[in-house]
Structures are given as structure tokens and as C-alpha cells.
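To be precise, the following lines are coords36.csv, and they hold CSV, C-alpha atoms.
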```
chain,number,residue,atom,x,y,z
Y,13,MET,CA,-123.2,43.4,12.1
Y,14,LYS,CA,-124.8,46.5,13.5
Y,15,PRO,CA,-127.3,47.5,16.3
Y,16,TRP,CA,-130.9,47.1,15.1
Y,17,ILE,CA,-132.7,49.1,17.8
Y,18,GLU,CA,-130.3,51.6,19.2
Y,19,THR,CA,-132.7,53.0,21.8
Y,20,ALA,CA,-133.8,49.7,23.3
Y,21,PRO,CA,-132.6,48.9,26.8
Y,22,PHE,CA,-131.1,45.7,25.5
Y,23,ILE,CA,-128.0,44.8,23.5
Y,24,ASN,CA,-129.4,44.0,20.1
Y,25,THR,CA,-127.4,43.0,17.0
Y,26,TYR,CA,-128.8,42.5,13.5
Y,27,VAL,CA,-127.2,40.1,11.0
Y,28,GLY,CA,-128.5,39.9,7.5
Y,29,GLN,CA,-128.0,36.1,7.2
Y,30,THR,CA,-126.9,33.4,9.5
Y,31,GLU,CA,-127.3,29.6,9.8
Y,32,SER,CA,-129.2,29.9,13.0
Y,33,THR,CA,-129.5,32.8,15.6
Y,34,ASN,CA,-129.3,30.2,18.4
Y,35,LEU,CA,-126.1,28.7,17.0
Y,36,LEU,CA,-124.6,32.2,16.5
Y,37,LEU,CA,-125.4,33.5,20.0
Y,38,ASN,CA,-124.3,30.2,21.6
Y,39,SER,CA,-120.9,30.6,19.8
Y,40,TRP,CA,-120.6,34.1,21.1
Y,41,CYS,CA,-121.3,33.0,24.6
Y,42,ASN,CA,-118.7,30.3,24.4
Y,43,GLU,CA,-116.1,32.8,23.3
Y,44,LYS,CA,-116.6,35.8,25.6
Y,45,ALA,CA,-118.8,37.3,28.3
Y,46,VAL,CA,-122.2,38.2,26.8
Y,47,ALA,CA,-124.6,40.3,28.8
Y,48,GLN,CA,-128.0,39.0,29.8
Y,49,PHE,CA,-130.8,39.8,27.3
Y,50,THR,CA,-128.4,40.2,24.5
Y,51,THR,CA,-130.4,39.5,21.4
Y,52,VAL,CA,-129.4,38.5,17.9
Y,53,ILE,CA,-131.8,39.2,15.1
Y,54,ALA,CA,-131.5,37.8,11.6
Y,55,GLY,CA,-133.0,38.9,8.3
Y,56,PHE,CA,-132.7,35.3,7.1
Y,57,GLN,CA,-131.7,31.9,8.5
Y,58,THR,CA,-130.2,29.3,6.2
Y,59,ALA,CA,-130.9,26.5,8.7
Y,60,GLY,CA,-133.5,27.9,11.1
Y,61,ARG,CA,-134.5,25.2,13.7
Y,62,GLY,CA,-137.6,24.4,15.6
Y,63,GLN,CA,-138.2,21.8,18.3
Y,64,ARG,CA,-136.7,18.4,17.7
Y,65,GLY,CA,-135.0,19.4,14.5
Y,66,ASN,CA,-138.0,20.8,12.7
Y,67,LYS,CA,-137.3,23.6,10.2
Y,68,TRP,CA,-138.7,27.1,10.4
Y,69,GLU,CA,-139.8,28.8,7.1
Y,70,SER,CA,-139.4,32.5,6.8
Y,71,ASP,CA,-139.0,34.8,3.7
Y,72,GLU,CA,-136.1,37.2,4.0
Y,73,GLY,CA,-136.8,40.4,5.9
Y,74,MET,CA,-140.5,39.5,6.5
Y,75,ASN,CA,-140.6,38.1,10.0
Y,76,LEU,CA,-138.9,38.2,13.4
Y,77,LEU,CA,-136.1,35.6,13.8
Y,78,PHE,CA,-134.2,36.2,17.0
Y,79,SER,CA,-132.4,34.6,19.9
Y,80,THR,CA,-131.9,36.0,23.4
Y,81,VAL,CA,-129.5,34.8,26.2
Y,82,LEU,CA,-130.5,34.6,29.9
Y,83,TYR,CA,-128.6,33.5,33.0
Y,84,PRO,CA,-131.3,32.1,35.3
Y,85,ILE,CA,-128.9,30.7,37.9
Y,86,PHE,CA,-131.6,31.2,40.5
Y,87,LEU,CA,-133.8,28.6,38.9
Y,88,ALA,CA,-133.5,24.9,39.7
Y,89,VAL,CA,-133.3,22.4,36.8
Y,90,LYS,CA,-136.6,20.9,37.8
Y,91,GLN,CA,-138.2,24.4,37.3
Y,92,GLN,CA,-137.0,24.9,33.8
Y,93,PHE,CA,-140.4,24.7,32.3
Y,94,LEU,CA,-141.2,28.1,33.9
Y,95,LEU,CA,-138.8,29.6,31.3
Y,96,SER,CA,-141.0,28.2,28.5
Y,97,GLN,CA,-144.1,29.7,30.2
Y,98,ILE,CA,-142.7,33.2,30.5
Y,99,ILE,CA,-141.4,33.3,27.0
Y,100,SER,CA,-144.5,32.0,25.4
Y,101,LEU,CA,-146.6,34.3,27.5
Y,102,ALA,CA,-144.5,37.4,26.5
Y,103,VAL,CA,-145.0,36.6,22.8
Y,104,LYS,CA,-148.7,35.8,23.1
Y,105,GLU,CA,-149.6,38.8,25.2
Y,106,VAL,CA,-147.9,41.2,22.7
Y,107,LEU,CA,-149.9,39.6,19.9
Y,108,ASP,CA,-153.1,40.0,21.9
Y,109,SER,CA,-152.8,43.8,21.3
Y,110,PHE,CA,-153.3,43.3,17.6
Y,111,SER,CA,-156.2,40.8,17.5
Y,112,GLU,CA,-158.2,38.2,19.4
Y,113,GLY,CA,-157.8,34.5,19.1
Y,114,PHE,CA,-154.1,33.9,20.2
Y,115,SER,CA,-153.2,31.1,22.5
Y,116,ILE,CA,-150.3,28.9,23.6
Y,117,LYS,CA,-150.2,25.4,22.2
Y,118,TRP,CA,-148.4,23.3,24.7
Y,119,PRO,CA,-145.5,23.5,25.3
Y,120,ASN,CA,-144.7,26.9,23.7
Y,121,ASP,CA,-146.0,27.3,20.1
Y,122,ILE,CA,-148.2,30.4,19.6
Y,123,TYR,CA,-151.4,29.9,17.7
Y,124,HIS,CA,-154.0,32.1,16.2
Y,125,CYS,CA,-157.2,30.0,16.2
Y,126,ASP,CA,-156.0,26.7,14.7
Y,127,LYS,CA,-152.9,28.1,12.9
Y,128,LYS,CA,-149.3,28.6,14.1
Y,129,ILE,CA,-147.8,32.1,14.1
Y,130,ALA,CA,-144.7,31.5,16.3
Y,131,GLY,CA,-142.4,28.8,17.5
Y,132,ILE,CA,-139.9,28.9,20.3
Y,133,LEU,CA,-136.7,26.8,20.8
Y,134,ILE,CA,-135.2,26.8,24.3
Y,135,GLU,CA,-131.7,25.4,24.9
Y,136,ASN,CA,-130.5,25.2,28.5
Y,137,ASP,CA,-127.0,24.7,29.9
Y,138,LEU,CA,-127.0,23.2,33.4
Y,139,SER,CA,-124.6,23.6,36.3
Y,140,GLY,CA,-125.3,21.1,39.0
Y,141,ASN,CA,-128.9,21.6,40.0
Y,142,THR,CA,-129.4,25.0,38.5
Y,143,ILE,CA,-129.5,26.5,35.0
Y,144,SER,CA,-126.4,28.4,34.1
Y,145,ARG,CA,-127.5,29.7,30.7
Y,146,THR,CA,-130.5,29.7,28.5
Y,147,ILE,CA,-130.7,30.6,24.8
Y,148,VAL,CA,-134.2,31.3,23.5
Y,149,GLY,CA,-134.8,31.2,19.8
Y,150,THR,CA,-138.1,32.6,18.5
Y,151,GLY,CA,-139.6,32.6,15.0
Y,152,LEU,CA,-142.5,35.0,14.8
Y,153,ASN,CA,-144.4,35.4,11.5
Y,154,ILE,CA,-145.0,39.1,11.0
Y,155,ASN,CA,-145.3,40.3,7.4
Y,156,GLN,CA,-145.1,37.2,5.3
Y,157,GLU,CA,-147.9,37.0,2.7
Y,158,ALA,CA,-147.7,33.4,1.7
Y,159,PHE,CA,-146.0,30.2,2.9
Y,160,HIS,CA,-144.5,27.6,0.6
Y,161,SER,CA,-143.2,24.8,2.8
Y,162,ASP,CA,-145.1,21.6,3.7
Y,163,ALA,CA,-145.8,23.0,7.2
Y,164,PRO,CA,-149.5,22.3,7.8
Y,165,ASN,CA,-150.9,25.5,9.3
Y,166,PRO,CA,-148.7,28.6,9.3
Y,167,ILE,CA,-150.1,32.1,9.5
Y,168,SER,CA,-148.6,35.6,9.9
Y,169,LEU,CA,-149.8,38.7,11.7
Y,170,ARG,CA,-150.2,40.4,8.3
Y,171,GLN,CA,-152.6,37.7,7.2
Y,172,ILE,CA,-154.6,38.1,10.3
Y,173,THR,CA,-154.8,41.9,10.4
Y,174,GLY,CA,-154.4,42.8,6.7
Y,175,THR,CA,-151.7,45.3,7.8
Y,176,VAL,CA,-147.9,45.5,7.4
Y,177,HIS,CA,-146.3,45.8,10.9
Y,178,ASP,CA,-143.1,47.3,12.2
Y,179,ARG,CA,-141.0,44.3,13.3
Y,180,LYS,CA,-138.7,46.4,15.5
Y,181,ASN,CA,-141.6,47.7,17.6
Y,182,ILE,CA,-143.0,44.2,18.1
Y,183,LEU,CA,-139.6,42.9,19.1
Y,184,GLN,CA,-139.2,45.8,21.6
Y,185,ALA,CA,-142.6,45.0,23.1
Y,186,VAL,CA,-141.8,41.3,23.4
Y,187,MET,CA,-138.5,41.9,25.1
Y,188,LEU,CA,-140.0,44.4,27.6
Y,189,ARG,CA,-142.7,41.9,28.4
Y,190,LEU,CA,-140.2,39.1,28.8
Y,191,MET,CA,-138.1,41.2,31.1
Y,192,GLU,CA,-141.2,41.9,33.3
Y,193,TYR,CA,-141.9,38.2,33.5
Y,194,TYR,CA,-138.3,37.3,34.1
Y,195,ASN,CA,-138.2,39.7,37.1
Y,196,GLN,CA,-141.3,38.1,38.5
Y,197,LEU,CA,-139.6,34.7,38.0
Y,198,SER,CA,-136.5,35.8,39.8
Y,199,ASN,CA,-138.6,37.1,42.7
Y,200,GLY,CA,-140.3,33.7,43.1
Y,201,GLU,CA,-143.7,34.7,41.8
Y,202,THR,CA,-144.3,31.4,40.0
Y,203,GLU,CA,-147.9,30.7,40.9
Y,204,GLU,CA,-149.2,33.7,38.9
Y,205,ILE,CA,-147.0,32.8,35.9
Y,206,SER,CA,-148.3,29.2,35.9
Y,207,SER,CA,-151.9,30.4,36.3
Y,208,ARG,CA,-151.6,32.8,33.4
Y,209,TYR,CA,-150.0,30.1,31.3
Y,210,LEU,CA,-152.8,27.6,31.9
Y,211,ALA,CA,-155.4,30.2,31.2
Y,212,SER,CA,-153.7,31.0,27.8
Y,213,LEU,CA,-153.5,27.4,26.6
Y,214,TYR,CA,-154.8,26.4,23.2
Y,215,ARG,CA,-157.8,24.0,23.7
Y,216,SER,CA,-158.0,25.0,27.3
Y,217,ARG,CA,-161.7,24.1,27.4
Y,218,GLY,CA,-163.7,21.3,26.1
Y,219,MET,CA,-163.1,17.9,24.5
Y,220,HIS,CA,-160.9,17.6,21.5
Y,221,THR,CA,-159.2,15.0,19.4
Y,222,TYR,CA,-155.7,13.8,20.2
Y,223,ALA,CA,-153.5,10.9,19.2
Y,224,ASP,CA,-150.8,8.9,20.9
Y,225,ALA,CA,-149.0,5.6,20.2
Y,226,SER,CA,-152.3,3.8,20.8
Y,227,GLY,CA,-154.4,5.9,18.3
Y,228,GLU,CA,-156.9,8.7,18.4
Y,229,PHE,CA,-159.0,9.6,21.4
Y,230,GLN,CA,-161.1,12.4,22.8
Y,231,ALA,CA,-159.9,14.3,25.8
Y,232,GLU,CA,-159.7,17.7,27.6
Y,233,ILE,CA,-156.7,19.4,29.1
Y,234,PHE,CA,-156.6,18.7,32.8
Y,235,THR,CA,-153.4,20.6,33.7
Y,236,VAL,CA,-149.7,21.0,32.9
Y,237,SER,CA,-147.4,19.9,35.7
Y,238,PRO,CA,-144.6,22.1,37.0
Y,239,GLU,CA,-142.2,19.8,35.1
Y,240,GLY,CA,-144.0,20.5,31.8
Y,241,TYR,CA,-146.0,17.3,31.4
Y,242,LEU,CA,-149.4,17.6,29.7
Y,243,TRP,CA,-152.2,15.9,31.6
Y,244,LEU,CA,-155.3,15.0,29.6
Y,245,LYS,CA,-158.6,13.7,30.9
Y,246,ASP,CA,-160.1,11.4,28.3
Y,247,ASP,CA,-163.9,10.8,27.6
Y,248,LYS,CA,-163.8,7.8,29.9
Y,249,GLY,CA,-162.5,9.9,32.8
Y,250,ALA,CA,-159.0,8.5,32.8
Y,251,LEU,CA,-156.0,10.8,33.2
Y,252,ARG,CA,-153.2,10.5,30.6
Y,253,LYS,CA,-149.7,12.1,31.2
Y,254,TYR,CA,-147.5,13.1,28.2
Y,255,ALA,CA,-144.0,14.5,27.6
Y,256,PHE,CA,-143.4,16.6,24.5
Y,257,LYS,CA,-143.9,14.7,21.3
Y,258,GLU,CA,-145.7,11.8,23.0
Y,259,VAL,CA,-149.1,13.1,22.0
Y,260,GLN,CA,-150.4,14.8,18.8
Y,261,TYR,CA,-153.1,17.4,18.5
Y,262,ILE,CA,-155.5,16.4,15.7
Y,263,LEU,CA,-156.5,19.7,14.0
```

Kindly transcribe the structure held in the file into C-alpha cells.
Amino acid sequence: MKPWIETAPFINTYVGQTESTNLLLNSWCNEKAVAQFTTVIAGFQTAGRGQRGNKWESDEGMNLLFSTVLYPIFLAVKQQFLLSQIISLAVKEVLDSFSEGFSIKWPNDIYHCDKKIAGILIENDLSGNTISRTIVGTGLNINQEAFHSDAPNPISLRQITGTVHDRKNILQAVMLRLMEYYNQLSNGETEEISSRYLASLYRSRGMHTYADASGEFQAEIFTVSPEGYLWLKDDKGALRKYAFKEVQYIL
């Protein structure tokens, strides 16, 4: 193991291969004191994970696979969705500097048009009514030229722009943006964060097709609650409330 970005204002460690950067960083945190914003970057993950056990495809050395530890003890458990908002905003806004068309697909996937470029896995440890530790795992497709898994709609920044990109510089930009948002969050500036998140949502305007346990329907995004529930307003004017995985976007 060795530092990957020696000049960054963060403690970054690069590993050529690991089962999962989230698992590795979590084990470090359980063994010793690990500074906030410590980040583990992997060239390849043998068991990269997404939300609810989904797998993340990434060719070795092509993309960004990294996990970061935070200690948001100032944040109540009921406010934990704010962490999802600031992390997805940090990634999305860095990508905005390369091209148009990026958005956040609720709760925290990053899309370019109708294709997925990044996934985020957030794992919180709770202490009473507050969050004692958060490990954020991010898979961001940078330079991969082709995808081979059965994932329906992956895309990379290289496919979008036609250019090979410096992964270190992109990671540096994401971490700096995340730190800015984290400072806002610690200062209680939550309204601006939530407003930016809502404005950045995939399908933020207009009627689109969704599906739940009762079948497909047409609806528009009404809002996302502070607890992270997605509220849709269907074509009959009825409001529908969903937790993660309770509703499907029909692409």
C-alpha cells in the first residue's frame, strides 16, 4: 500500500486489489483510529458492492473505486439522508465540468442522460440518536471503453467525452467538493443542500413511466422528503410515497 495523491489535503491510500474498499476501510476503522476523510482507492475490486448487494463492474485501473470515512456526530439519525445528498452532489457537480446532461437518480446514482456513470454505497454506524461513523463507497466510471456485465445502462466519462481522463485529478476535485458540502452540513446549512439536490434530480420535470408492486404508471417527481422518501404525483393527481427499492424507473 502507498499514498496515491501525496499533495492532497487528505490521507489517501492506494491498493492494487481488494475485495471491497468499504470492507477494507471499515476493518481499519475497527482496528485503530482513522482520521476523517481518509480514503482508500483500489485499482480493482474482487467483490465490489452497490446498493442492496448489487455488483459493480470495473476493468482494472480504468475507473475510480474509492471509500471515504466521515464522523458526522453532529447529525441526527433522522437526518442521515443529507449525507447521501452531499456526496451525490459532489460527484455530479465535478462531472458537470466535463459535459452537460448529468443528474442524480434518486437516491444517489449519478446518470448521464439515461445511463449510469456512478453508484454510491453509504454505510452508517449509529450511536444513540446520532451517526458516529459513515463509510462512503463510490464507483465512478472514468476511462472504461466497454462494459461486459448484464448491467442495463452503464457509461463512462471517456465514452461521453471521447477523451482519456486523469483519475487522480477527478478524485481530488470530488473530495474537495465533498469537504465543502460537509462543512456546510456541519454548520447547519441544510436548506441550500436539499434545494440543490432536488434541482439536480434525474427526471426532475415532466411525466415519466414508473412501476411499483401494482404495475406501471405515469407520474412526476413531487419532492424527496428529509428522510429520503421519494414522493411521486401520478397522472390522476394522487401522491405516492416510496422508500428505496419500492419503485422502479422504467427507462

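When the distance limit is 6 Å and all atoms listed in the file are what count, the residues near range 111-125 of chain Y, minus those fewer than 2 positions from it on the same chain, are Ser100, Asp108, Ser109, Lys127, Lys128, Ile129, Ala130, Gly131, Ser212, Leu213 and Tyr214 of chain Y.
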
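Counting from CA of Gln97 in chain Y, the distance to CA of Ser70 in chain Y is 24.0 Å.
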
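CA of Asp126 in chain Y is found 17.6 Å from CA of Ser161 in chain Y.
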
A straight line from CA of Asn165 in chain Y to CA of Met191 in chain Y spans 29.8 Å

Rank Y:Ser39, Y:Gln57, Y:Asn34, Y:Asn141 by their smallest atom-to-atom distance to Met74 in chain Y, using only C-alpha atoms, and report the top residue only.
Y:Gln57
